[in-house]
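K.L.:
Below you'll find the structure I mean.
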Amino acid sequence: DAGVTQSPTHLIKTRGQQVTLRCSPKSGHDTVSWYQQALGQGPQFIFQYYEEEERQRGNFPDRFSGHQFPNYSSELNVNALLLGDSALYLCASSLGDRAADTQYFGPGTRLTVL
Amino acid sequence: DAKTTQPPSMDCAEGRAANLPCNHSTISGNEYVYWYRQIHSQGPQYIIHGLKNNETNEMASLIITEDRKSSTLILPHATLRDTAVYYCIVRVVGGTSYGKLTFGQGTILTVHP
């Protein structure tokens with residue numbers, strides 16, 4: 001039973017560039033949530049996707065956008081990268097868009113913005 | 001979601017029980033207590049959750065006080081691999097909540113040989 005997978009593992013970009021991160025949910029799960037974790041901090045919720053729609057959003061600017069595909073996989077896009085976007089980006093999957101199911105996390109993508 | 005308070009760090013000897021406290025004095029009736037841990041630079045790992053009864057699984061036990069204002073995560077026989085940041089999260093389950101997790105700073109547990 002495959003767990004949550006994320007790609008790439010590491011990524012280096014320069015300021016102003018755009019980046020796309022990918023996530024495949026755990027088998028049987030249909031909901032994907034994205035989190036940003038700055039160094040030394042706990043993860044911060046970015047948004048959640050269910051039925052290919054953004055269901056809930058945290059306090060992040062519009063530069064952060066996402067997409068969910070019919071197979072439940074998801075992408076996180078960040079435009080006009082800033083140095084402060086350097087972080088570990090985590091994807092978590094669960095079943096259903098309500099808070100009734102446990103979220104399971106992937107290993108994360110380490111983004112470095114130079 | 002209710003706020004949680006955890007000690008910033010704790011130490012434990014290998015083989016001994018690790019007891020990690022969490023205060024959630026403003027918890028509501030429909031909020032569960034969840035525990036995750038994060039080993040350095042990895043994704044958070046789900047440990048256990050509960051509403052008001054004590055819970056046990058293969059990883060840990062969760063003891064919730066009768067008034068639900070605090071809880072304790074117990075790792076019965078800590079190993080070096082249990083060294084991690086442990087997060088206590090209070091989370092609404094059901095209703096119209098979409099289930100985001102709100103992480104605090106957590107407790108850094110260091111298990112010593």
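Within each chain, counting starts at residue 1; across the structure tokens, chains are named A, B, ... in the order shown, with ligands numbered 1 upward in that order.
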At a cut-off of 10 Å, which residues of chain B touch chain A? Count only C-alpha atoms and give the answer as JSON, numbers by chain.
P.N.:
{"B": [34, 36, 38, 41, 42, 43, 44, 45, 46, 48, 49, 85, 87, 91, 92, 93, 94, 95, 96, 97, 98, 99, 100, 101, 102, 103, 104, 105, 106]}
K.L.:
Using backbone DSSP assignments, extract all strand (DSSP E) residues from stretch 15-92 of chain A; output them as JSON, numbers by chain.
P.N.:
{"A": [19, 20, 21, 22, 23, 24, 31, 32, 33, 34, 35, 36, 37, 44, 45, 46, 47, 48, 49, 50, 53, 54, 55, 56, 57, 64, 65, 66, 67, 68, 74, 75, 76, 77, 78, 87, 88, 89, 90, 91, 92]}
K.L.:
Please, what distance in Å, to one decimal, runs between atom CA of B:Ile89 and atom CA of B:Asp67?
P.N.:
17.0 Å
K.L.:
Neighbouring residues of A:Leu111 were defined as those with any atom within 6 Å, considering only C-alpha atoms; residues of the same chain fewer than 5 positions away were excluded. Please report them as an NGL selection string.
P.N.:
:A and (11-12 or 86-87)
K.L.:
Counting only C-alpha atoms, figure out which residue out of A:Thr112, A:Lys26, A:Leu83, A:Gly66 gets nearest to A:Thr9.
P.N.:
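Counting only C-alpha atoms, the residue closest to A:Thr9 is A:Thr112.
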K.L.:
Just give me the gap between atom CA of B:Met59 and atom CA of A:Ser7 in Å, one decimal is fine.
P.N.:
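Computed distance, atom CA of B:Met59 to atom CA of A:Ser7, equals 28.2 Å.
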K.L.:
Mind checking which residues fall within 12 Å of B:Thr5, counting only C-alpha atoms, ignoring those fewer than 5 positions away in the same chain, and posting them as a list in words?
P.N.:
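So, after excluding close chain neighbours, the residues are Leu20, Pro21, Cys22, Asn23, His24, Ser25, Thr26, Ile27, Lys69, Ser70, Ser71, Thr72, Tyr86, Tyr87, Cys88, Ile89, Val90, Phe103, Gly104, Gln105, Gly106 and Thr107 of chain B.
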K.L.:
I need the chosen residues saved as a compact mmCIF listing (two decimals), in the first residue's frame, with N, CA, C and O atoms.
P.N.:
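The resulting part-v3.txt:
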```txt
# COMPACT_ATOMS: atom_id res chain seq x y z
N LEU B 20 4.88 12.80 27.44
CA LEU B 20 4.87 14.14 26.87
C LEU B 20 3.54 14.81 27.18
O LEU B 20 2.49 14.37 26.71
N PRO B 21 3.58 15.93 27.93
CA PRO B 21 2.33 16.59 28.31
C PRO B 21 1.87 17.61 27.27
O PRO B 21 2.68 18.14 26.49
N CYS B 22 0.57 17.88 27.29
CA CYS B 22 -0.01 18.90 26.42
C CYS B 22 -1.19 19.54 27.14
O CYS B 22 -2.04 18.84 27.68
N ASN B 23 -1.19 20.86 27.16
CA ASN B 23 -2.31 21.59 27.77
C ASN B 23 -3.21 22.14 26.67
O ASN B 23 -2.71 22.75 25.72
N HIS B 24 -4.50 21.90 26.80
CA HIS B 24 -5.48 22.42 25.83
C HIS B 24 -6.72 22.84 26.60
O HIS B 24 -7.81 22.26 26.41
N SER B 25 -6.56 23.84 27.44
CA SER B 25 -7.60 24.21 28.41
C SER B 25 -8.85 24.78 27.76
O SER B 25 -9.91 24.82 28.39
N THR B 26 -8.77 25.24 26.49
CA THR B 26 -9.95 25.83 25.83
C THR B 26 -10.60 24.86 24.86
O THR B 26 -11.39 25.27 24.00
N ILE B 27 -10.31 23.59 24.98
CA ILE B 27 -10.84 22.59 24.05
C ILE B 27 -12.36 22.55 24.11
O ILE B 27 -12.97 22.70 25.17
N LYS B 69 -8.91 19.04 29.58
CA LYS B 69 -8.09 20.24 29.44
C LYS B 69 -6.62 19.93 29.26
O LYS B 69 -5.82 20.83 28.98
N SER B 70 -6.22 18.70 29.44
CA SER B 70 -4.84 18.33 29.19
C SER B 70 -4.75 16.85 28.81
O SER B 70 -5.71 16.09 29.03
N SER B 71 -3.62 16.50 28.23
CA SER B 71 -3.41 15.11 27.85
C SER B 71 -1.92 14.78 27.93
O SER B 71 -1.08 15.69 28.02
N THR B 72 -1.63 13.49 27.92
CA THR B 72 -0.25 13.01 27.96
C THR B 72 -0.07 11.91 26.93
O THR B 72 -0.87 10.97 26.87
N TYR B 86 7.56 16.40 18.76
CA TYR B 86 6.22 15.86 18.96
C TYR B 86 5.21 17.00 19.01
O TYR B 86 5.35 17.93 19.80
N TYR B 87 4.20 16.92 18.17
CA TYR B 87 3.18 17.96 18.08
C TYR B 87 1.85 17.45 18.64
O TYR B 87 1.37 16.38 18.23
N CYS B 88 1.29 18.23 19.53
CA CYS B 88 -0.06 18.00 20.05
C CYS B 88 -0.99 18.98 19.33
O CYS B 88 -0.73 20.19 19.32
N ILE B 89 -2.04 18.49 18.71
CA ILE B 89 -2.93 19.32 17.90
C ILE B 89 -4.37 19.04 18.32
O ILE B 89 -4.76 17.87 18.43
N VAL B 90 -5.12 20.10 18.52
CA VAL B 90 -6.54 19.97 18.80
C VAL B 90 -7.29 20.31 17.52
O VAL B 90 -7.03 21.35 16.90
N PHE B 103 -0.43 23.45 13.59
CA PHE B 103 0.74 23.01 14.34
C PHE B 103 1.28 24.15 15.19
O PHE B 103 1.34 25.29 14.74
N GLY B 104 1.72 23.83 16.42
CA GLY B 104 2.46 24.77 17.25
C GLY B 104 3.95 24.50 17.10
O GLY B 104 4.39 24.00 16.07
N GLN B 105 4.69 24.82 18.16
CA GLN B 105 6.14 24.61 18.12
C GLN B 105 6.52 23.19 18.49
O GLN B 105 7.61 22.73 18.15
N GLY B 106 5.64 22.48 19.20
CA GLY B 106 5.91 21.10 19.58
C GLY B 106 6.93 20.97 20.69
O GLY B 106 7.48 21.95 21.19
N THR B 107 7.18 19.71 21.06
CA THR B 107 8.18 19.36 22.07
C THR B 107 9.29 18.57 21.41
O THR B 107 9.01 17.55 20.74
```
K.L.:
Can you pull out the residues contacting B:Pro76? Cut-off 12 Å, using only C-alpha atoms, and skip same-chain residues under 6 positions away; I want them as a list in words.
P.N.:
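Listing them by chain and then by number gives Cys12, Ala13, Glu14, Gly15, Arg16, Ala17, Ala18, Asn19, Leu20, Thr56, Asn57, Glu58, Met59, Ala60, Ser61, Leu62 and Asp82 of chain B.
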K.L.:
How far is it from atom CA of B:Leu80 to atom CA of A:His10, in Å with one decimal?
P.N.:
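Taking atom CA of B:Leu80 as the start and atom CA of A:His10 as the end point, the length is 26.8 Å.
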K.L.:
Find the residues near A:Val78: any atom within 9 Å, counting only C-alpha atoms, skip ones fewer than 4 places away on the same chain, and give them as a list in words.
P.N.:
Gln17, Gln18, Val19, Thr20, Leu21, Asp62, Arg63, Phe64, Ser65, Gly66 and Asp85 of chain A
